[in-house]
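Below: target.txt (compact mmCIF, C-alpha atoms and all ligand atoms)
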```txt
# COMPACT_ATOMS: atom_id res chain seq x y z
CA MET A 1 -6.06 5.84 -5.26
CA ILE A 2 -8.17 3.04 -6.80
CA GLY A 3 -6.23 2.39 -9.99
CA LYS A 4 -4.57 3.96 -12.99
CA VAL A 5 -6.75 5.05 -15.90
CA ILE A 6 -5.67 6.49 -19.25
CA ILE A 7 -8.15 8.48 -21.29
CA PHE A 8 -7.52 8.97 -25.00
CA GLY A 9 -8.84 12.34 -26.18
CA GLN A 10 -9.20 15.32 -23.81
CA GLY A 11 -12.10 17.06 -25.54
CA TYR A 12 -15.80 17.51 -24.79
CA VAL A 13 -16.13 13.86 -23.75
CA GLY A 14 -12.69 12.81 -22.48
CA LEU A 15 -11.91 15.81 -20.28
CA PRO A 16 -15.06 15.73 -18.08
CA LEU A 17 -14.63 11.94 -17.82
CA ALA A 18 -10.98 12.34 -16.76
CA LEU A 19 -11.85 14.92 -14.11
CA ALA A 20 -14.80 12.88 -12.76
CA ALA A 21 -12.57 9.81 -12.42
CA ALA A 22 -9.75 11.89 -10.85
CA ARG A 23 -12.19 13.41 -8.31
CA ASN A 24 -13.16 9.87 -7.35
CA ASP A 25 -9.68 8.66 -6.51
CA PHE A 26 -8.58 7.20 -9.80
CA ASN A 27 -5.11 8.14 -10.95
CA VAL A 28 -5.91 9.56 -14.38
CA ILE A 29 -3.66 10.27 -17.35
CA GLY A 30 -5.29 12.31 -20.08
CA PHE A 31 -3.62 11.54 -23.41
CA ASP A 32 -4.20 13.72 -26.45
CA THR A 33 -2.38 13.99 -29.77
CA ASN A 34 -3.04 17.74 -29.90
CA PHE A 35 0.13 19.22 -28.40
CA ASN A 36 -1.38 22.69 -27.92
CA LYS A 37 -4.34 21.28 -26.02
CA VAL A 38 -2.02 19.24 -23.79
CA ALA A 39 0.19 22.28 -23.11
CA GLN A 40 -2.85 24.39 -22.21
CA LEU A 41 -4.33 21.74 -19.89
CA ALA A 42 -0.95 21.15 -18.22
CA LYS A 43 -0.97 24.87 -17.29
CA GLY A 44 -4.43 24.45 -15.73
CA ILE A 45 -6.27 26.17 -18.58
CA SER A 46 -9.54 24.61 -19.71
CA VAL A 47 -10.25 23.79 -23.35
CA ILE A 48 -14.05 23.47 -23.10
CA GLU A 49 -16.86 25.64 -21.69
CA ASP A 50 -18.15 22.95 -19.33
CA VAL A 51 -14.94 22.72 -17.33
CA SER A 52 -13.39 25.62 -15.40
CA ASP A 53 -9.66 26.34 -15.08
CA LYS A 54 -10.03 25.74 -11.35
CA GLN A 55 -11.40 22.24 -11.86
CA ILE A 56 -8.31 21.42 -13.91
CA SER A 57 -5.79 22.97 -11.55
CA ASP A 58 -7.53 21.28 -8.59
CA ALA A 59 -7.31 17.92 -10.34
CA ILE A 60 -3.63 18.47 -11.17
CA SER A 61 -2.73 19.58 -7.65
CA SER A 62 -4.61 16.61 -6.14
CA GLY A 63 -2.02 14.43 -7.89
CA ASN A 64 -4.80 12.43 -9.54
CA TYR A 65 -4.70 14.04 -13.00
CA LYS A 66 -1.86 14.42 -15.48
CA VAL A 67 -2.05 15.26 -19.14
CA THR A 68 0.37 14.10 -21.81
CA ASP A 69 0.97 13.73 -25.52
CA ASN A 70 3.24 10.74 -24.93
CA PRO A 71 1.35 7.64 -26.13
CA ASN A 72 3.40 5.13 -24.11
CA PHE A 73 1.67 4.17 -20.94
CA ALA A 74 2.70 2.29 -17.85
CA GLN A 75 2.19 -1.40 -17.20
CA ASP A 76 0.01 -0.75 -14.16
CA VAL A 77 -2.80 0.94 -16.11
CA LYS A 78 -6.09 -0.81 -15.31
CA VAL A 79 -8.57 0.96 -17.60
CA ILE A 80 -8.14 2.65 -20.98
CA CYS A 81 -11.01 4.84 -22.23
CA ILE A 82 -11.13 6.01 -25.82
CA CYS A 83 -12.91 9.33 -26.44
CA VAL A 84 -11.54 10.44 -29.81
CA PRO A 85 -13.52 12.02 -32.67
CA THR A 86 -15.58 9.91 -35.07
CA PRO A 87 -16.66 12.53 -37.62
CA LEU A 88 -17.89 12.30 -41.19
CA GLY A 89 -15.30 12.53 -43.96
CA ASP A 90 -15.47 14.85 -46.98
CA ASP A 91 -17.61 12.18 -48.65
CA HIS A 92 -20.23 12.58 -45.83
CA LYS A 93 -19.44 8.99 -44.72
CA PRO A 94 -18.12 7.77 -41.31
CA ASP A 95 -14.43 8.54 -40.78
CA LEU A 96 -12.88 6.11 -38.29
CA SER A 97 -9.26 7.16 -38.85
CA ALA A 98 -8.71 8.85 -35.44
CA LEU A 99 -10.37 5.94 -33.64
CA GLU A 100 -8.34 3.33 -35.52
CA GLN A 101 -5.17 5.27 -34.79
CA ALA A 102 -6.04 5.51 -31.10
CA VAL A 103 -6.88 1.80 -30.88
CA THR A 104 -3.60 0.95 -32.63
CA THR A 105 -1.72 2.99 -29.99
CA VAL A 106 -3.67 1.22 -27.25
CA GLY A 107 -2.87 -2.16 -28.79
CA LYS A 108 0.86 -1.42 -28.83
CA ASN A 109 0.75 -0.71 -25.07
CA LEU A 110 -1.82 -3.32 -24.07
CA LYS A 111 -0.97 -5.82 -21.32
CA PRO A 112 -2.96 -8.82 -20.06
CA ASP A 113 -6.06 -8.07 -17.93
CA MET A 114 -6.35 -4.43 -18.98
CA LEU A 115 -9.86 -3.15 -19.71
CA VAL A 116 -10.35 -1.09 -22.89
CA ILE A 117 -13.57 0.94 -23.04
CA VAL A 118 -14.55 2.68 -26.26
CA GLU A 119 -16.74 5.76 -25.71
CA SER A 120 -16.61 7.28 -29.21
CA THR A 121 -19.83 7.02 -31.19
CA ILE A 122 -19.60 4.21 -33.76
CA SER A 123 -21.64 2.04 -36.11
CA PRO A 124 -23.00 -1.30 -34.92
CA GLY A 125 -20.40 -4.03 -35.22
CA THR A 126 -17.40 -1.66 -35.02
CA THR A 127 -16.26 -2.75 -31.55
CA ARG A 128 -16.41 -6.45 -32.40
CA LYS A 129 -15.45 -6.49 -36.07
CA VAL A 130 -13.07 -3.52 -36.46
CA LEU A 131 -11.57 -2.56 -33.08
CA LEU A 132 -11.12 -6.03 -31.54
CA PRO A 133 -9.05 -7.30 -34.53
CA ILE A 134 -6.83 -4.18 -34.39
CA LEU A 135 -6.23 -4.71 -30.66
CA ILE A 136 -5.39 -8.39 -31.16
CA LYS A 137 -3.04 -7.67 -34.07
CA THR A 138 -1.17 -4.76 -32.49
CA SER A 139 -0.91 -6.21 -28.96
CA GLY A 140 0.00 -9.78 -29.84
CA LEU A 141 -2.46 -10.85 -27.11
CA THR A 142 -5.36 -13.23 -27.56
CA GLU A 143 -8.96 -12.08 -27.21
CA GLU A 144 -9.17 -13.85 -23.83
CA GLU A 145 -6.16 -12.01 -22.36
CA PHE A 146 -7.71 -8.51 -22.24
CA HIS A 147 -11.20 -7.04 -21.85
CA LEU A 148 -13.07 -4.89 -24.36
CA ALA A 149 -16.21 -2.89 -23.60
CA TYR A 150 -18.29 -0.21 -25.26
CA SER A 151 -19.94 2.64 -23.37
CA PRO A 152 -21.40 5.49 -25.42
CA GLU A 153 -21.07 8.95 -23.94
CA ARG A 154 -24.25 10.98 -23.48
CA ILE A 155 -22.74 14.26 -22.36
CA ASP A 156 -24.63 17.38 -23.43
CA PRO A 157 -22.19 20.29 -23.10
CA LEU A 158 -23.50 23.09 -20.85
CA ASN A 159 -26.61 21.16 -19.82
CA LYS A 160 -27.05 22.38 -16.24
CA ALA A 161 -29.49 19.64 -15.20
CA TRP A 162 -27.86 16.52 -16.61
CA ASN A 163 -24.19 15.73 -16.14
CA ILE A 164 -21.79 12.82 -16.06
CA LYS A 165 -22.94 11.81 -12.55
CA ASN A 166 -26.71 11.83 -12.89
CA THR A 167 -27.06 10.72 -16.54
CA PRO A 168 -27.49 6.93 -16.65
CA LYS A 169 -24.60 5.27 -18.50
CA LEU A 170 -24.89 2.32 -20.85
CA VAL A 171 -22.13 -0.30 -20.85
CA ALA A 172 -21.67 -3.51 -22.79
CA GLY A 173 -18.80 -5.95 -22.99
CA LEU A 174 -17.62 -8.52 -25.46
CA THR A 175 -17.72 -10.81 -22.45
CA VAL A 176 -19.80 -10.79 -19.26
CA GLN A 177 -16.64 -10.05 -17.32
CA ALA A 178 -15.76 -7.03 -19.51
CA ALA A 179 -19.25 -5.60 -19.00
CA LYS A 180 -19.00 -6.12 -15.24
CA MET A 181 -15.55 -4.50 -15.08
CA ALA A 182 -16.82 -1.49 -17.07
CA LYS A 183 -19.84 -1.21 -14.77
CA ASP A 184 -17.58 -1.35 -11.68
CA PHE A 185 -15.40 1.41 -13.12
CA TYR A 186 -18.20 3.85 -13.94
CA SER A 187 -20.18 3.06 -10.79
CA LYS A 188 -17.51 4.89 -8.79
CA PHE A 189 -18.69 8.22 -10.25
CA VAL A 190 -21.96 7.62 -12.17
CA ASP A 191 -25.21 7.10 -10.22
CA GLN A 192 -26.77 4.54 -12.55
CA VAL A 193 -24.91 2.19 -14.89
CA VAL A 194 -27.00 -0.03 -17.14
CA ILE A 195 -25.54 -3.15 -18.73
CA CYS A 196 -26.74 -3.86 -22.29
CA PRO A 197 -26.88 -7.47 -23.46
CA THR A 198 -24.41 -6.94 -26.35
CA VAL A 199 -22.05 -4.24 -27.59
CA GLU A 200 -24.21 -3.91 -30.71
CA VAL A 201 -27.22 -2.97 -28.55
CA ALA A 202 -25.20 -0.20 -26.89
CA GLU A 203 -23.76 0.96 -30.22
CA ILE A 204 -27.20 1.22 -31.84
CA ALA A 205 -28.83 2.72 -28.72
CA LYS A 206 -26.49 5.72 -28.95
CA LEU A 207 -27.22 6.17 -32.66
CA LEU A 208 -30.94 5.79 -32.02
CA GLU A 209 -30.92 8.52 -29.34
CA ASN A 210 -29.27 11.05 -31.64
CA SER A 211 -31.24 10.00 -34.74
CA TYR A 212 -34.44 10.51 -32.72
CA ARG A 213 -33.32 14.09 -32.08
CA LEU A 214 -32.38 14.70 -35.71
CA VAL A 215 -35.72 13.39 -36.96
CA ASN A 216 -37.73 15.41 -34.44
CA ILE A 217 -35.76 18.63 -34.96
CA SER A 218 -36.25 18.34 -38.73
CA PHE A 219 -39.96 17.66 -38.15
CA ILE A 220 -40.29 20.83 -36.07
CA ASN A 221 -38.32 22.80 -38.67
CA GLU A 222 -40.72 21.61 -41.36
CA ILE A 223 -43.77 22.52 -39.24
CA SER A 224 -42.10 25.86 -38.48
CA ILE A 225 -41.92 26.64 -42.22
CA PHE A 226 -45.64 25.86 -42.47
CA CYS A 227 -46.42 28.04 -39.43
CA GLN A 228 -44.42 30.93 -40.91
CA LYS A 229 -46.44 30.73 -44.12
CA ILE A 230 -49.73 31.07 -42.24
CA GLY A 231 -48.44 33.54 -39.65
CA VAL A 232 -48.54 31.32 -36.56
CA ASP A 233 -45.83 31.27 -33.86
CA ILE A 234 -44.32 27.75 -33.82
CA ASN A 235 -42.95 28.28 -30.31
CA GLU A 236 -46.47 28.93 -29.00
CA VAL A 237 -47.62 25.76 -30.79
CA VAL A 238 -44.86 23.68 -29.19
CA LYS A 239 -45.54 25.26 -25.78
CA ALA A 240 -49.23 24.36 -26.07
CA ALA A 241 -48.53 20.79 -27.24
CA ALA A 242 -45.96 20.32 -24.46
CA THR A 243 -48.67 20.70 -21.80
CA LYS A 244 -49.58 17.10 -22.64
CA PRO A 245 -47.92 15.10 -19.89
CA TYR A 246 -47.28 11.99 -22.00
CA GLY A 247 -46.50 11.06 -25.60
CA PHE A 248 -45.00 14.42 -26.59
CA MET A 249 -41.53 15.88 -26.20
CA PRO A 250 -40.81 19.49 -27.25
CA PHE A 251 -38.29 20.32 -29.99
CA TYR A 252 -37.66 23.84 -31.28
CA PRO A 253 -36.99 25.48 -34.67
CA SER A 254 -33.56 26.59 -35.85
CA VAL A 255 -31.34 27.04 -38.87
CA GLY A 256 -30.54 23.32 -38.60
CA VAL A 257 -28.61 20.87 -36.46
CA GLY A 258 -24.91 21.15 -35.67
CA GLY A 259 -22.13 19.96 -33.40
CA HIS A 260 -20.25 16.72 -33.33
CA CYS A 261 -23.24 14.44 -32.73
CA ILE A 262 -26.70 15.18 -34.11
CA PRO A 263 -25.74 15.80 -37.75
CA VAL A 264 -23.15 12.99 -37.68
CA ASP A 265 -24.38 10.01 -35.67
CA PRO A 266 -27.56 9.39 -37.71
CA ILE A 267 -25.40 9.07 -40.82
CA TYR A 268 -23.50 6.27 -39.06
CA LEU A 269 -26.86 4.58 -38.49
CA SER A 270 -28.16 5.13 -42.03
CA GLU A 271 -24.90 3.88 -43.58
CA ALA A 272 -25.09 0.77 -41.40
CA ALA A 273 -28.75 0.24 -42.32
CA LYS A 274 -27.98 0.55 -46.02
CA ALA A 275 -25.04 -1.86 -45.72
CA ALA A 276 -27.43 -4.38 -44.14
CA GLY A 277 -29.94 -3.94 -46.97
CA ALA A 278 -32.43 -2.11 -44.74
CA GLY A 279 -33.93 1.33 -45.31
CA SER A 280 -33.19 4.56 -43.45
CA ARG A 281 -35.72 6.89 -45.08
CA PHE A 282 -36.56 8.84 -41.93
CA ILE A 283 -32.91 9.71 -41.31
CA ASP A 284 -32.27 10.54 -44.96
CA LEU A 285 -35.32 12.83 -45.12
CA ALA A 286 -34.47 14.48 -41.80
CA ASP A 287 -30.91 15.06 -43.01
CA ASP A 288 -32.24 16.59 -46.26
CA ILE A 289 -34.64 18.89 -44.41
CA ASN A 290 -31.97 20.12 -42.03
CA GLN A 291 -29.40 20.64 -44.78
CA ALA A 292 -32.01 22.74 -46.63
CA MET A 293 -32.79 25.04 -43.67
CA PRO A 294 -29.97 27.56 -44.43
CA SER A 295 -31.26 28.02 -48.01
CA TYR A 296 -34.80 28.47 -46.64
CA PHE A 297 -33.52 31.36 -44.50
CA VAL A 298 -31.62 32.86 -47.48
CA GLU A 299 -34.99 32.89 -49.24
CA ARG A 300 -36.63 34.53 -46.21
CA ALA A 301 -33.87 37.16 -46.20
CA ASN A 302 -34.53 37.75 -49.92
CA GLN A 303 -38.22 38.24 -49.17
CA ILE A 304 -37.50 40.79 -46.43
CA LEU A 305 -34.92 42.79 -48.43
CA GLY A 306 -36.25 42.30 -51.96
CA THR A 307 -32.82 40.82 -52.69
CA VAL A 308 -29.83 40.07 -50.45
CA THR A 309 -27.41 40.91 -53.27
CA GLY A 310 -25.28 43.88 -52.28
CA LYS A 311 -26.97 44.10 -48.85
CA LYS A 312 -25.04 44.26 -45.58
CA ILE A 313 -26.14 41.44 -43.28
CA LEU A 314 -25.11 40.64 -39.70
CA VAL A 315 -25.49 36.98 -38.69
CA ILE A 316 -25.75 36.76 -34.90
CA GLY A 317 -24.36 33.56 -33.36
CA LEU A 318 -21.90 31.35 -35.25
CA SER A 319 -21.63 28.31 -32.97
CA TYR A 320 -24.04 25.42 -33.41
CA LYS A 321 -25.90 25.99 -30.14
CA PRO A 322 -26.28 28.77 -27.57
CA ASN A 323 -23.52 29.47 -25.05
CA VAL A 324 -20.84 27.23 -26.59
CA ALA A 325 -17.91 28.24 -28.82
CA ASP A 326 -18.08 25.03 -30.86
CA VAL A 327 -18.55 25.66 -34.59
CA ARG A 328 -18.23 22.04 -35.74
CA GLU A 329 -20.92 21.27 -38.33
CA SER A 330 -22.61 24.56 -37.44
CA PRO A 331 -25.42 25.18 -39.93
CA VAL A 332 -24.73 28.90 -39.52
CA ILE A 333 -21.58 28.44 -41.62
CA SER A 334 -23.68 27.09 -44.49
CA LEU A 335 -26.06 30.06 -44.12
CA ILE A 336 -23.16 32.53 -44.31
CA GLU A 337 -21.66 30.77 -47.34
CA GLN A 338 -24.97 30.72 -49.18
CA LEU A 339 -25.68 34.38 -48.43
CA ARG A 340 -22.22 35.30 -49.73
CA LYS A 341 -22.76 33.22 -52.88
CA THR A 342 -25.84 35.26 -53.64
CA GLY A 343 -23.80 38.46 -53.36
CA ALA A 344 -24.62 39.59 -49.81
CA ASP A 345 -21.97 41.40 -47.75
CA VAL A 346 -22.06 39.16 -44.68
CA PHE A 347 -20.58 39.81 -41.23
CA TRP A 348 -21.05 37.68 -38.16
CA HIS A 349 -21.13 38.36 -34.44
CA ASP A 350 -20.18 35.77 -31.82
CA GLU A 351 -18.16 36.81 -28.76
CA LEU A 352 -17.72 33.16 -27.76
CA VAL A 353 -16.26 32.04 -31.09
CA LYS A 354 -14.36 35.33 -31.59
CA SER A 355 -12.45 34.25 -34.72
CA TRP A 356 -13.25 31.83 -37.52
CA ASN A 357 -12.04 31.34 -41.06
CA GLY A 358 -9.54 34.21 -40.68
CA GLU A 359 -12.42 36.55 -39.76
CA GLN A 360 -13.20 38.22 -36.44
CA THR A 361 -16.49 38.78 -34.64
CA THR A 362 -18.19 42.05 -35.68
CA PRO A 363 -19.83 44.24 -33.01
CA ILE A 364 -23.61 44.51 -33.07
CA SER A 365 -24.62 47.92 -34.45
CA SER A 366 -27.26 49.62 -36.59
CA ASP A 367 -24.95 49.64 -39.63
CA PHE A 368 -26.73 46.71 -41.37
CA ASP A 369 -29.64 46.13 -43.74
CA LEU A 370 -30.65 42.95 -41.90
CA ALA A 371 -29.72 41.00 -38.77
CA ILE A 372 -30.27 37.24 -38.74
CA ILE A 373 -30.45 35.68 -35.28
CA THR A 374 -29.05 32.20 -35.60
CA THR A 375 -27.62 31.19 -32.21
CA PRO A 376 -29.12 33.15 -29.30
CA HIS A 377 -26.33 33.13 -26.70
CA ASP A 378 -27.45 34.29 -23.24
CA TYR A 379 -25.02 37.24 -23.28
CA LEU A 380 -26.57 38.82 -26.40
CA GLU A 381 -27.84 42.38 -26.09
CA LEU A 382 -29.56 43.48 -29.31
CA SER A 383 -30.56 47.07 -28.55
CA ALA A 384 -27.61 48.40 -30.62
CA LEU A 385 -29.39 47.11 -33.74
CA LYS A 386 -31.91 49.95 -33.31
CA ASP A 387 -34.19 49.80 -36.40
CA VAL A 388 -32.37 47.07 -38.31
CA PRO A 389 -34.93 44.46 -39.41
CA ILE A 390 -34.46 41.09 -37.69
CA LEU A 391 -34.95 37.61 -39.12
CA ASN A 392 -35.11 35.19 -36.21
CA THR A 393 -34.34 31.58 -37.20
CA ARG A 394 -35.58 30.41 -33.80
CA SER A 395 -39.12 31.55 -34.48
CA SER A 396 -41.68 31.42 -37.29
CA ILE A 397 -42.92 35.01 -36.85
N1 LIG A 401 -19.29 16.48 -27.94
C1 LIG A 401 -20.34 15.82 -27.47
O1 LIG A 401 -21.28 16.45 -26.97
C2 LIG A 401 -20.40 14.31 -27.53
C3 LIG A 401 -21.42 13.66 -26.80
C4 LIG A 401 -21.49 12.28 -26.82
C5 LIG A 401 -20.58 11.57 -27.59
N2 LIG A 401 -19.62 12.20 -28.32
C6 LIG A 401 -18.70 11.36 -29.08
O2 LIG A 401 -17.48 11.27 -28.34
C7 LIG A 401 -16.35 11.22 -29.23
C8 LIG A 401 -15.40 12.37 -28.91
O3 LIG A 401 -16.08 13.59 -29.15
P1 LIG A 401 -15.60 14.97 -28.53
O4 LIG A 401 -16.73 15.93 -28.74
O5 LIG A 401 -15.06 14.78 -27.16
O6 LIG A 401 -14.40 15.34 -29.51
P2 LIG A 401 -13.28 16.49 -29.27
O7 LIG A 401 -12.78 16.84 -30.63
O8 LIG A 401 -13.79 17.55 -28.36
O9 LIG A 401 -12.14 15.71 -28.48
C9 LIG A 401 -11.46 14.62 -29.04
C10 LIG A 401 -9.99 14.75 -28.71
O10 LIG A 401 -9.34 13.57 -29.20
C11 LIG A 401 -8.05 13.95 -29.63
N3 LIG A 401 -7.52 12.90 -30.49
C12 LIG A 401 -7.70 12.70 -31.82
N4 LIG A 401 -7.07 11.58 -32.22
C13 LIG A 401 -6.47 11.05 -31.12
C14 LIG A 401 -5.70 9.90 -30.90
N5 LIG A 401 -5.41 9.06 -31.88
N6 LIG A 401 -5.23 9.68 -29.65
C15 LIG A 401 -5.54 10.53 -28.63
N7 LIG A 401 -6.27 11.65 -28.79
C16 LIG A 401 -6.75 11.89 -30.02
C17 LIG A 401 -8.26 15.28 -30.31
O11 LIG A 401 -7.04 16.02 -30.36
C18 LIG A 401 -9.30 15.93 -29.39
O12 LIG A 401 -8.69 16.72 -28.39
C19 LIG A 401 -16.94 11.27 -30.64
O13 LIG A 401 -17.13 9.97 -31.10
C20 LIG A 401 -18.29 11.92 -30.41
O14 LIG A 401 -19.23 11.56 -31.41
C21 LIG A 401 -19.50 13.56 -28.29
```

With the file now loaded, output its structure as structure tokens.
Amino acid sequence: MIGKVIIFGQGYVGLPLALAAARNDFNVIGFDTNFNKVAQLAKGISVIEDVSDKQISDAISSGNYKVTDNPNFAQDVKVICICVPTPLGDDHKPDLSALEQAVTTVGKNLKPDMLVIVESTISPGTTRKVLLPILIKTSGLTEEEFHLAYSPERIDPLNKAWNIKNTPKLVAGLTVQAAKMAKDFYSKFVDQVVICPTVEVAEIAKLLENSYRLVNISFINEISIFCQKIGVDINEVVKAAATKPYGFMPFYPSVGVGGHCIPVDPIYLSEAAKAAGAGSRFIDLADDINQAMPSYFVERANQILGTVTGKKILVIGLSYKPNVADVRESPVISLIEQLRKTGADVFWHDELVKSWNGEQTTPISSDFDLAIITTPHDYLELSALKDVPILNTRSSI
């Protein structure tokens, strides 16, 4: 055993991190405020698609992984990682409440020489100007007595090619020593760890990566609308363009962006840019285009059916991306709500999500006026639709 690590948040980011550290001889405590999640994990049951039950029970039986909802941690903890949600609030602005609460708990338990690493996605300046003062105030320690680093997570749930080990990891510290300690920690289970010159560089780099995706996805969605109007297959266009070996990266059409990162992180960047008196027109436009995609598909459904009012529609795929059960910020929800507002009788099918909003997944059948393919999970088998017309949001034809 190399040392004791506590990881705040056992979700999409914190759980794979905890297991990777545990597999590499750290003694890991996964702390989460969600009692049900803790109880499930303690029984060896996974809470995310990327991690199997066996991986959890193996980690528990190795003695290197424990999960708890008790926020008091031992004096001999060496590293504390914070992987809690940083969503948008109802006002569509950054909501740091979970992170501030987690950092307050860390501060109350903090002892000299401990290393705190924040992994949650945050606006530039948050580590230095918001989190450091909370740690100082709640711990009673001086800035020099503990170490604070920032290391944005890049995990892409269910990505088979890129994982925690082979995806290069950025780290930055408020001091050179903090950065070095963070690099030493991750280097035990990540192939390449890159030190950024300041925490602000690492904070903005993460926001830049996800804003780049938002902007490009919205660009492809806009071009897809154009291609639909002139009867050209956008996917064939992207495939052709992607034969260029440099200067082009493929993005694909959809009903919009979803999940905990792509619709959220760029807003952190645009809010920060506005606060600094700089513009963020690309992000704002991309956000507008993506938010408008569900209403574009309502219009397409209207065109196919004459009107959606009173028509029975099956929306296929509720989660924000294929093969996950995550419905956070899923644009499919907006599509369903808008279809219902216009008087359509809407059902949805998603065997991964199963239940949402007090509703259950509806089997695929021919008992509908229209099927809208929103999230094409690998398991889907559409032959039961028979002659039901299909509107495919992942294509322009
Ligand atoms: N999901 C991704 O693909 C992804 C990728 C990169 C970065 N991120 C970022 O990582 C952070 C975590 O995201 P996630 O997807 O893992 O979220 P998640 O909701 O899957 O997991 C977060 C966990 O933190 C717990 N939690 C909330 N408040 C807490 C507290 N005060 N103390 C301890 N636990 C607490 C929640 O109960 C939850 O289980 C976010 O900032 C997100 O933007 C997410």

Legend entry - Surroundings of ligand LIG 401 (chain A) up to 8 Å, based on all atoms listed in the file, as a ChimeraX atom specification: /A:8-15,31-34,37,48,69,71,82-87,98-103,105,119-122,152-157,259-261,264-265

Selected residues, C-alpha atoms, written as a CSV table (one decimal), in the frame of the given file, please.
```csv
chain,number,residue,atom,x,y,z
A,8,PHE,CA,-7.5,9.0,-25.0
A,9,GLY,CA,-8.8,12.3,-26.2
A,10,GLN,CA,-9.2,15.3,-23.8
A,11,GLY,CA,-12.1,17.1,-25.5
A,12,TYR,CA,-15.8,17.5,-24.8
A,13,VAL,CA,-16.1,13.9,-23.8
A,14,GLY,CA,-12.7,12.8,-22.5
A,15,LEU,CA,-11.9,15.8,-20.3
A,31,PHE,CA,-3.6,11.5,-23.4
A,32,ASP,CA,-4.2,13.7,-26.4
A,33,THR,CA,-2.4,14.0,-29.8
A,34,ASN,CA,-3.0,17.7,-29.9
A,37,LYS,CA,-4.3,21.3,-26.0
A,48,ILE,CA,-14.0,23.5,-23.1
A,69,ASP,CA,1.0,13.7,-25.5
A,71,PRO,CA,1.4,7.6,-26.1
A,82,ILE,CA,-11.1,6.0,-25.8
A,83,CYS,CA,-12.9,9.3,-26.4
A,84,VAL,CA,-11.5,10.4,-29.8
A,85,PRO,CA,-13.5,12.0,-32.7
A,86,THR,CA,-15.6,9.9,-35.1
A,87,PRO,CA,-16.7,12.5,-37.6
A,98,ALA,CA,-8.7,8.8,-35.4
A,99,LEU,CA,-10.4,5.9,-33.6
A,100,GLU,CA,-8.3,3.3,-35.5
A,101,GLN,CA,-5.2,5.3,-34.8
A,102,ALA,CA,-6.0,5.5,-31.1
A,103,VAL,CA,-6.9,1.8,-30.9
A,105,THR,CA,-1.7,3.0,-30.0
A,119,GLU,CA,-16.7,5.8,-25.7
A,120,SER,CA,-16.6,7.3,-29.2
A,121,THR,CA,-19.8,7.0,-31.2
A,122,ILE,CA,-19.6,4.2,-33.8
A,152,PRO,CA,-21.4,5.5,-25.4
A,153,GLU,CA,-21.1,9.0,-23.9
A,154,ARG,CA,-24.2,11.0,-23.5
A,155,ILE,CA,-22.7,14.3,-22.4
A,156,ASP,CA,-24.6,17.4,-23.4
A,157,PRO,CA,-22.2,20.3,-23.1
A,259,GLY,CA,-22.1,20.0,-33.4
A,260,HIS,CA,-20.2,16.7,-33.3
A,261,CYS,CA,-23.2,14.4,-32.7
A,264,VAL,CA,-23.2,13.0,-37.7
A,265,ASP,CA,-24.4,10.0,-35.7
```

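With only C-alpha atoms as the atoms that count, the residue of A:Leu269, A:Leu158, A:Ile56, A:Leu148 with the shortest distance to A:Met181 is A:Leu148.
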
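Nearest residue to A:Ile262, choosing from A:Leu88, A:Leu339, A:Ala202, A:Leu391 and counting only C-alpha atoms: A:Leu88.
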
Fewer than 4 positions away in the same chain doesn't count, so skip those; otherwise give me all residues within 8 Å of stretch 270-283 of chain A, counting all atoms listed in the file, as a short mmCIF file (atom, residue, chain, number, x, y, z; two decimals) with C-alpha atoms, keeping the file's coordinate frame.
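See around.cif below for the written result:
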```
data_model
loop_
_atom_site.label_atom_id
_atom_site.label_comp_id
_atom_site.auth_asym_id
_atom_site.auth_seq_id
_atom_site.Cartn_x
_atom_site.Cartn_y
_atom_site.Cartn_z
CA LYS A 93 -19.44 8.99 -44.72
CA SER A 123 -21.64 2.04 -36.11
CA PRO A 124 -23.00 -1.30 -34.92
CA SER A 211 -31.24 10.00 -34.74
CA LEU A 214 -32.38 14.70 -35.71
CA VAL A 215 -35.72 13.39 -36.96
CA PRO A 266 -27.56 9.39 -37.71
CA ASP A 287 -30.91 15.06 -43.01
#
```

Near A:Ile234, counting all atoms listed in the file, which residues have an atom at most 9 Å away, once you skip same-chain residues fewer than 2 positions from it, shown as a short mmCIF file (atom, residue, chain, number, x, y, z; two decimals) with C-alpha atoms, keeping the file's coordinate frame?
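Wrote part-v4.cif, looks like this:
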```
data_model
loop_
_atom_site.label_atom_id
_atom_site.label_comp_id
_atom_site.auth_asym_id
_atom_site.auth_seq_id
_atom_site.Cartn_x
_atom_site.Cartn_y
_atom_site.Cartn_z
CA ILE A 220 -40.29 20.83 -36.07
CA ILE A 223 -43.77 22.52 -39.24
CA SER A 224 -42.10 25.86 -38.48
CA ILE A 225 -41.92 26.64 -42.22
CA PHE A 226 -45.64 25.86 -42.47
CA CYS A 227 -46.42 28.04 -39.43
CA GLN A 228 -44.42 30.93 -40.91
CA VAL A 232 -48.54 31.32 -36.56
CA GLU A 236 -46.47 28.93 -29.00
CA VAL A 237 -47.62 25.76 -30.79
CA VAL A 238 -44.86 23.68 -29.19
CA LYS A 239 -45.54 25.26 -25.78
CA TYR A 252 -37.66 23.84 -31.28
CA PRO A 253 -36.99 25.48 -34.67
CA SER A 395 -39.12 31.55 -34.48
CA SER A 396 -41.68 31.42 -37.29
CA ILE A 397 -42.92 35.01 -36.85
#
```

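In this comparison, which uses only C-alpha atoms, the residue of A:Gly173, A:Pro263, A:Pro363, A:Pro112 approaching A:Phe146 most closely is A:Pro112.
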
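For A:Lys354, the set of protein, DNA and RNA residues having any atom at most 12 Å away, when counting only C-alpha atoms and skipping those fewer than 3 positions along the same chain, is Ile316, Gly317, Leu318, Ser319, Val324, Ala325, Asp326, Val327, Trp348, His349, Asp350, Glu351, Asn357, Gly358, Glu359, Gln360, Thr361, Thr362 and Pro363 of chain A.
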